[in-house]
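Source file: coords-v6.csv (CSV, N, CA and C atoms)
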chain,number,residue,atom,x,y,z
P,1,MET,N,126.8,81.6,124.9
P,1,MET,CA,125.6,80.8,124.4
P,1,MET,C,126.1,80.1,123.2
P,2,SER,N,125.6,78.8,123.1
P,2,SER,CA,126.1,78.0,122.0
P,2,SER,C,125.3,78.3,120.7
P,3,LYS,N,125.9,77.9,119.6
P,3,LYS,CA,125.3,78.2,118.3
P,3,LYS,C,124.2,77.1,118.0
P,4,ASN,N,123.2,77.5,117.2
P,4,ASN,CA,122.3,76.5,116.7
P,4,ASN,C,122.9,75.7,115.6
P,5,LYS,N,122.7,74.4,115.6
P,5,LYS,CA,123.3,73.6,114.6
P,5,LYS,C,122.1,73.1,113.7
P,6,SER,N,122.4,73.1,112.4
P,6,SER,CA,121.4,72.6,111.4
P,6,SER,C,121.4,71.1,111.5
P,7,HIS,N,120.3,70.5,111.1
P,7,HIS,CA,120.1,69.0,111.2
P,7,HIS,C,120.9,68.3,110.1
P,8,LYS,N,121.9,67.6,110.5
P,8,LYS,CA,122.8,67.0,109.5
P,8,LYS,C,122.1,65.9,108.7
P,9,GLY,N,121.2,65.1,109.3
P,9,GLY,CA,120.5,64.1,108.6
P,9,GLY,C,119.6,64.7,107.5
P,10,LEU,N,119.0,65.8,107.8
P,10,LEU,CA,118.2,66.5,106.8
P,10,LEU,C,119.0,67.1,105.6
P,11,LEU,N,120.2,67.6,106.0
P,11,LEU,CA,121.1,68.2,105.0
P,11,LEU,C,121.5,67.2,103.9
P,12,LYS,N,121.6,65.9,104.3
P,12,LYS,CA,122.1,64.9,103.4
P,12,LYS,C,121.0,64.5,102.5
P,13,ARG,N,119.7,64.8,102.8
P,13,ARG,CA,118.6,64.3,102.0
P,13,ARG,C,118.0,65.4,101.1
P,14,ILE,N,118.3,66.6,101.3
P,14,ILE,CA,117.7,67.7,100.5
P,14,ILE,C,118.7,68.6,99.9
P,15,ARG,N,118.3,69.4,98.9
P,15,ARG,CA,119.1,70.5,98.3
P,15,ARG,C,118.2,71.7,98.3
P,16,VAL,N,118.8,72.8,98.8
P,16,VAL,CA,118.0,74.1,98.8
P,16,VAL,C,118.5,74.9,97.5
P,17,SER,N,117.5,75.2,96.7
P,17,SER,CA,117.9,75.9,95.4
P,17,SER,C,118.1,77.4,95.8
P,18,LYS,N,118.6,78.2,94.8
P,18,LYS,CA,118.9,79.6,94.9
P,18,LYS,C,117.6,80.3,95.3
P,19,THR,N,116.5,79.9,94.8
P,19,THR,CA,115.2,80.6,95.0
P,19,THR,C,114.6,80.2,96.3
P,20,GLY,N,115.2,79.2,97.1
P,20,GLY,CA,114.7,78.8,98.3
P,20,GLY,C,113.8,77.6,98.3
P,21,LYS,N,113.6,77.0,97.1
P,21,LYS,CA,112.8,75.8,97.0
P,21,LYS,C,113.6,74.6,97.4
P,22,ILE,N,113.0,73.6,97.9
P,22,ILE,CA,113.7,72.4,98.4
P,22,ILE,C,113.5,71.2,97.5
P,23,ARG,N,114.6,70.7,96.9
P,23,ARG,CA,114.6,69.5,96.1
P,23,ARG,C,114.8,68.3,97.0
P,24,HIS,N,114.1,67.2,96.7
P,24,HIS,CA,114.3,66.0,97.4
P,24,HIS,C,114.0,64.8,96.5
P,25,LYS,N,114.5,63.6,96.9
P,25,LYS,CA,114.2,62.4,96.2
P,25,LYS,C,112.9,61.8,96.6
P,26,SER,N,112.2,61.2,95.7
P,26,SER,CA,110.9,60.5,96.0
P,26,SER,C,111.1,59.3,96.8
P,27,ALA,N,110.2,59.0,97.6
P,27,ALA,CA,110.2,57.7,98.4
P,27,ALA,C,109.8,56.6,97.5
P,28,ASN,N,110.0,55.3,98.0
P,28,ASN,CA,109.5,54.1,97.4
P,28,ASN,C,110.3,53.7,96.1
P,29,PHE,N,111.5,54.2,95.9
P,29,PHE,CA,112.2,53.9,94.7
P,29,PHE,C,113.3,52.9,94.9
P,30,LYS,N,113.8,52.7,96.1
P,30,LYS,CA,115.0,52.0,96.4
P,30,LYS,C,114.9,50.5,96.2
P,31,HIS,N,113.8,49.9,96.6
P,31,HIS,CA,113.7,48.4,96.6
P,31,HIS,C,112.3,48.0,96.3
P,32,LEU,N,112.1,46.7,96.1
P,32,LEU,CA,110.8,46.1,95.8
P,32,LEU,C,110.2,46.8,94.5
P,33,ARG,N,111.0,46.8,93.5
P,33,ARG,CA,110.6,47.5,92.3
P,33,ARG,C,109.9,46.6,91.3
P,34,SER,N,109.9,45.3,91.5
P,34,SER,CA,109.5,44.3,90.5
P,34,SER,C,108.0,44.5,90.2
P,35,HIS,N,107.2,44.8,91.2
P,35,HIS,CA,105.7,44.9,91.1
P,35,HIS,C,105.3,46.3,90.7
P,36,LYS,N,106.2,47.2,90.7
P,36,LYS,CA,105.8,48.6,90.3
P,36,LYS,C,105.9,48.8,88.8
P,37,SER,N,105.0,49.5,88.2
P,37,SER,CA,105.0,49.7,86.8
P,37,SER,C,106.1,50.6,86.3
P,38,GLY,N,106.5,50.5,85.1
P,38,GLY,CA,107.6,51.3,84.5
P,38,GLY,C,107.3,52.8,84.6
P,39,GLN,N,106.0,53.1,84.4
P,39,GLN,CA,105.6,54.5,84.4
P,39,GLN,C,105.8,55.1,85.8
P,40,ARG,N,105.4,54.3,86.8
P,40,ARG,CA,105.6,54.7,88.2
P,40,ARG,C,107.0,54.9,88.6
P,41,LEU,N,107.9,53.9,88.1
P,41,LEU,CA,109.3,54.0,88.4
P,41,LEU,C,110.0,55.2,87.8
P,42,ARG,N,109.5,55.5,86.5
P,42,ARG,CA,110.1,56.8,85.9
P,42,ARG,C,109.7,58.0,86.6
P,43,ARG,N,108.5,58.0,87.1
P,43,ARG,CA,108.0,59.2,87.9
P,43,ARG,C,108.8,59.3,89.2
P,44,LEU,N,109.1,58.2,89.9
P,44,LEU,CA,109.8,58.2,91.1
P,44,LEU,C,111.3,58.5,91.0
P,45,ARG,N,111.8,58.3,89.8
P,45,ARG,CA,113.2,58.5,89.5
P,45,ARG,C,113.5,60.0,89.6
P,46,LYS,N,112.6,60.8,89.2
P,46,LYS,CA,112.8,62.3,89.1
P,46,LYS,C,112.7,62.8,90.5
P,47,GLY,N,113.6,63.8,90.8
P,47,GLY,CA,113.5,64.5,92.1
P,47,GLY,C,112.4,65.5,92.0
P,48,SER,N,111.8,65.8,93.2
P,48,SER,CA,110.7,66.8,93.1
P,48,SER,C,110.9,67.9,94.1
P,49,PHE,N,110.1,68.9,94.0
P,49,PHE,CA,110.2,70.1,94.9
P,49,PHE,C,109.2,69.9,96.0
P,50,MET,N,109.6,70.3,97.2
P,50,MET,CA,108.8,70.2,98.4
P,50,MET,C,107.8,71.3,98.4
P,51,ALA,N,106.6,71.1,99.0
P,51,ALA,CA,105.6,72.1,99.1
P,51,ALA,C,106.0,73.2,100.1
P,52,SER,N,105.4,74.4,100.0
P,52,SER,CA,105.7,75.5,100.9
P,52,SER,C,105.5,75.2,102.4
P,53,ALA,N,104.4,74.5,102.6
P,53,ALA,CA,104.0,74.2,104.0
P,53,ALA,C,105.1,73.3,104.6
P,54,ASP,N,105.6,72.3,103.9
P,54,ASP,CA,106.6,71.4,104.4
P,54,ASP,C,108.0,72.1,104.6
P,55,SER,N,108.3,73.1,103.6
P,55,SER,CA,109.5,73.8,103.7
P,55,SER,C,109.5,74.7,105.0
P,56,LYS,N,108.4,75.2,105.4
P,56,LYS,CA,108.3,76.0,106.6
P,56,LYS,C,108.7,75.1,107.8
P,57,ARG,N,108.3,73.9,107.8
P,57,ARG,CA,108.7,72.9,108.9
P,57,ARG,C,110.2,72.7,108.9
P,58,LEU,N,110.8,72.7,107.7
P,58,LEU,CA,112.2,72.4,107.6
P,58,LEU,C,113.0,73.6,108.0
P,59,GLU,N,112.5,74.8,108.0
P,59,GLU,CA,113.2,76.0,108.4
P,59,GLU,C,113.6,75.9,109.9
P,60,LYS,N,112.8,75.2,110.7
P,60,LYS,CA,113.1,75.1,112.1
P,60,LYS,C,114.3,74.1,112.3
P,61,LEU,N,114.3,73.1,111.4
P,61,LEU,CA,115.4,72.1,111.5
P,61,LEU,C,116.7,72.7,111.0
P,62,LEU,N,116.7,73.6,110.0
P,62,LEU,CA,117.9,74.1,109.4
P,62,LEU,C,118.3,75.4,110.1
P,63,PHE,N,117.5,76.0,110.9
P,63,PHE,CA,117.8,77.2,111.6
P,63,PHE,C,118.1,78.3,110.6
P,64,ARG,N,117.4,78.4,109.5
P,64,ARG,CA,117.6,79.5,108.6
P,64,ARG,C,116.3,79.7,107.8
P,65,ARG,N,116.1,80.9,107.3
P,65,ARG,CA,115.0,81.2,106.5
P,65,ARG,C,115.2,80.8,105.1
P,66,LEU,N,114.3,80.2,104.5
P,66,LEU,CA,114.4,79.8,103.1
P,66,LEU,C,113.8,80.9,102.2
P,67,ARG,N,114.6,81.5,101.4
P,67,ARG,CA,114.3,82.8,100.8
P,67,ARG,C,113.0,82.8,100.0
P,68,GLY,N,112.9,81.9,99.0
P,68,GLY,CA,111.9,82.0,98.1
P,68,GLY,C,110.6,81.3,98.4
P,69,ARG,N,110.5,80.9,99.7
P,69,ARG,CA,109.3,80.1,100.1
P,69,ARG,C,108.0,80.8,99.9
P,70,THR,N,107.9,82.1,100.2
P,70,THR,CA,106.7,82.9,100.1
P,70,THR,C,106.8,83.9,99.0
P,71,GLN,N,108.0,84.2,98.5
P,71,GLN,CA,108.2,85.3,97.6
P,71,GLN,C,108.0,84.8,96.1
P,72,PRO,N,107.5,85.6,95.2
P,72,PRO,CA,107.6,85.2,93.8
P,72,PRO,C,109.0,85.4,93.4
P,73,ARG,N,109.4,84.6,92.3
P,73,ARG,CA,110.8,84.6,91.8
P,73,ARG,C,111.3,86.0,91.4
P,74,ALA,N,110.4,86.8,90.9
P,74,ALA,CA,110.8,88.1,90.4
P,74,ALA,C,111.2,89.1,91.6
P,75,ALA,N,110.7,88.8,92.8
P,75,ALA,CA,111.0,89.6,93.9
P,75,ALA,C,112.4,89.4,94.5
P,76,ILE,N,113.0,88.3,94.2
P,76,ILE,CA,114.3,88.0,94.7
P,76,ILE,C,115.4,88.8,93.9
P,77,ARG,N,116.2,89.6,94.6
P,77,ARG,CA,117.2,90.4,94.0
P,77,ARG,C,118.4,89.6,93.6
P,78,ARG,N,118.9,89.9,92.4
P,78,ARG,CA,120.1,89.2,92.0
P,78,ARG,C,121.2,90.2,91.8
P,79,SER,N,122.5,89.7,91.9
P,79,SER,CA,123.6,90.6,91.8
P,79,SER,C,123.7,91.1,90.4
P,80,PRO,N,124.1,92.4,90.3
P,80,PRO,CA,124.2,93.0,88.9
P,80,PRO,C,125.5,92.5,88.2
P,81,SER,N,125.5,92.5,86.9
P,81,SER,CA,126.7,92.1,86.2
P,81,SER,C,127.7,93.3,86.3
P,82,PRO,N,128.9,93.0,86.0
P,82,PRO,CA,129.9,94.1,86.0
P,82,PRO,C,129.6,95.3,85.1
P,83,ALA,N,129.0,95.0,83.9
P,83,ALA,CA,128.6,96.1,83.0
P,83,ALA,C,127.4,96.9,83.6
P,84,GLU,N,126.5,96.3,84.3
P,84,GLU,CA,125.4,97.0,84.9
P,84,GLU,C,125.9,97.8,86.0
P,85,SER,N,126.8,97.3,86.9
P,85,SER,CA,127.2,98.1,88.0
P,85,SER,C,128.1,99.3,87.5
P,86,LYS,N,128.8,99.1,86.5
P,86,LYS,CA,129.6,100.2,85.9
P,86,LYS,C,128.7,101.3,85.4
P,87,ALA,N,127.7,100.9,84.6
P,87,ALA,CA,126.7,101.9,84.1
P,87,ALA,C,126.0,102.6,85.2
P,88,ARG,N,125.7,101.9,86.3
P,88,ARG,CA,125.0,102.5,87.5
P,88,ARG,C,125.9,103.6,88.1
P,89,LYS,N,127.3,103.2,88.3
P,89,LYS,CA,128.2,104.2,88.9
P,89,LYS,C,128.4,105.4,88.0
P,90,GLU,N,128.5,105.2,86.7
P,90,GLU,CA,128.6,106.4,85.8
P,90,GLU,C,127.4,107.3,85.8
P,91,ALA,N,126.2,106.7,85.9
P,91,ALA,CA,125.0,107.5,86.0
P,91,ALA,C,124.9,108.3,87.3
P,92,LYS,N,125.4,107.6,88.4
P,92,LYS,CA,125.4,108.3,89.7
P,92,LYS,C,126.4,109.4,89.7
P,93,ALA,N,127.6,109.2,89.1
P,93,ALA,CA,128.6,110.3,89.0
P,93,ALA,C,128.1,111.4,88.2
P,94,ALA,N,127.4,111.2,87.1
P,94,ALA,CA,126.9,112.2,86.3
P,94,ALA,C,125.8,113.0,87.0
P,95,GLU,N,125.0,112.3,87.8
P,95,GLU,CA,124.0,113.0,88.5
P,95,GLU,C,124.5,113.9,89.6
P,96,ALA,N,125.6,113.4,90.3
P,96,ALA,CA,126.3,114.2,91.3
P,96,ALA,C,126.9,115.4,90.7
P,97,ALA,N,127.6,115.3,89.5
P,97,ALA,CA,128.2,116.4,88.9
P,97,ALA,C,127.1,117.4,88.5
P,98,LYS,N,126.0,117.0,88.0
P,98,LYS,CA,124.9,117.8,87.6
P,98,LYS,C,124.4,118.6,88.8
P,99,ALA,N,124.3,117.9,90.0
P,99,ALA,CA,123.8,118.6,91.2
P,99,ALA,C,124.8,119.6,91.8
P,100,ASN,N,126.1,119.3,91.6
P,100,ASN,CA,127.1,120.3,92.1
P,100,ASN,C,127.2,121.5,91.2
P,101,ALA,N,126.9,121.4,89.9
P,101,ALA,CA,127.1,122.5,89.0
P,101,ALA,C,125.9,123.5,89.0

Using the file provided, produce a representation of the structure as structure tokens.
Amino acid sequence: MSKNKSHKGLLKRIRVSKTGKIRHKSANFKHLRSHKSGQRLRRLRKGSFMASADSKRLEKLLFRRLRGRTQPRAAIRRSPSPAESKARKEAKAAEAAKANA
């Protein structure tokens, strides 16, 4: 059975953040700018995040789940620092020694 391929045209137009949000460029900024106000052009210059409902639609095109779409940011687990993992190992070893004694 063949693999599912992600939509290459979509991948060129968006960036998926670590939390699963989707960044994209605003439409209507490329040309015909002379009649648009400066305030409108400044607003269009900034990239924006896509709404959750739209990102659900993009999951089908990308063939992957976008992590933070429905989760709060605090719920996403992050990798521990080397110091944290060392402290966790030492605590686990002390606990094991205590249980054996």

Review point. Of the candidates P:Ala91, P:Leu66, P:Met50, P:Ala101, which one gets nearest to Arg23 in chain P if we count only N, CA and C atoms?
Key: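 Closest to Arg23 in chain P of all the choices is P:Met50.
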
Practice item. Using only C-alpha atoms, find the one residue out of P:Gly47, P:Glu95, P:Lys60, P:Ser85 that sits nearest to Arg15 in chain P. Key: P:Gly47

Check your understanding: Can you list, as a PyMOL selection string, every residue of chain P that DSSP puts in helix (DSSP H, G or I)?
Key -> chain P and resi 8-11+38-45+52-62+67-69+73-75+82-100

Study note, to complete from the structure: Ser48 in chain P proximity check over P:His31, P:Lys36, P:Ala99, P:His24, using only N, CA and C atoms: winner is P:His24

Check your understanding: Distance CA of Leu11 in chain P-atom C of Lys30 in chain P, one decimal place?
Key ->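 According to the coordinates, CA of Leu11 in chain P and atom C of Lys30 in chain P are separated by 20.7 Å.
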
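The coordinates place atom N of Lys92 in chain P at 14.7 Å from CA of Pro80 in chain P.
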
Check your understanding: How far is it from atom N of Arg13 in chain P to CA of Ser37 in chain P, in Å with one decimal?
Key -> 26.5 Å

Check your understanding: Given the choices P:Arg64, P:Lys3, P:Arg40, P:His35, which gets closest to Gly20 in chain P if the distance is worked out from only C-alpha atoms?
Key ->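 Nearest to Gly20 in chain P: P:Arg64.
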
Practice item. Using DSSP on the backbone coordinates, identify the residues of range 20-89 of chain P assigned to strand (DSSP E or B); present them as a ChimeraX atom specification. Key: /P:22-24,48-49
